[in-house]
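Asks: For reference, the structure I am asking about is given below.
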Amino acid sequence: MEKGVAAAAKPVVKTAEEMFKDAVQSLTGNYGKPIEQSGQPEQIKQDEAKRLQVARARLAQINKEIVEARKKREERESRRVEEPEKKQEQKKVVEKKEKESVLAKMIKSRQGSKEAMQRASG
């Protein structure tokens, strides 16, 4: 049983290590380019500095995009909150107009027509 568990654990560990290497490579931009250790140390340091600069620029761009997306989402949410308030205000205006029209209709109905007024006066 222990041999089976040990045999199954090795591929899992190997896969996890490969996934971690891929993630680091995608962030730093280092895709396994061979670096000569016997070469110029200053050149190596410059290359590493360039890679770090590129990685920082990528991270800054990603953070900027996240901030923009957050702002857009907040704007949409605030619009959703404001829309019902506007609808309620519009509904109140419409109700006022309807009340006035109902009131006007009642006044007209009590006044009667011109013919009825002539008959009533004699």
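Chain labels follow the order of the structure tokens: the first chain is A, the next B, and so on; residue numbering restarts at 1 in every chain, and ligands are counted from 1 in their shown order.
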Residues near Leu52 in chain A, anyone? I mean within 10 Å using only C-alpha atoms, not counting same-chain ones fewer than 3 positions away, as a count of residues only.
Replies: 12
Asks: Work out how far apart CA of Val54 in chain A and CA of Ser26 in chain A are and give it in Å to one decimal.
Replies: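 These atoms are spaced 11.1 Å apart.
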Asks: If DSSP is run on the backbone, what residues of range 4-62 of chain A are helix (DSSP H, G or I)? A reply as a ChimeraX atom specification would be ideal.
Replies: /A:4-28,41-62
Asks: Could you state the separation of CA of Ile62 in chain A and CA of Gln25 in chain A in Å, given to one decimal place?
Replies: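 Between these atoms lies a distance of 16.4 Å.
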Asks: Enter the distance from CA of Val5 in chain A to CA of Phe20 in chain A, in Å, rounded to one decimal.
Replies: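 Separation between CA of Val5 in chain A and CA of Phe20 in chain A: 22.6 Å.
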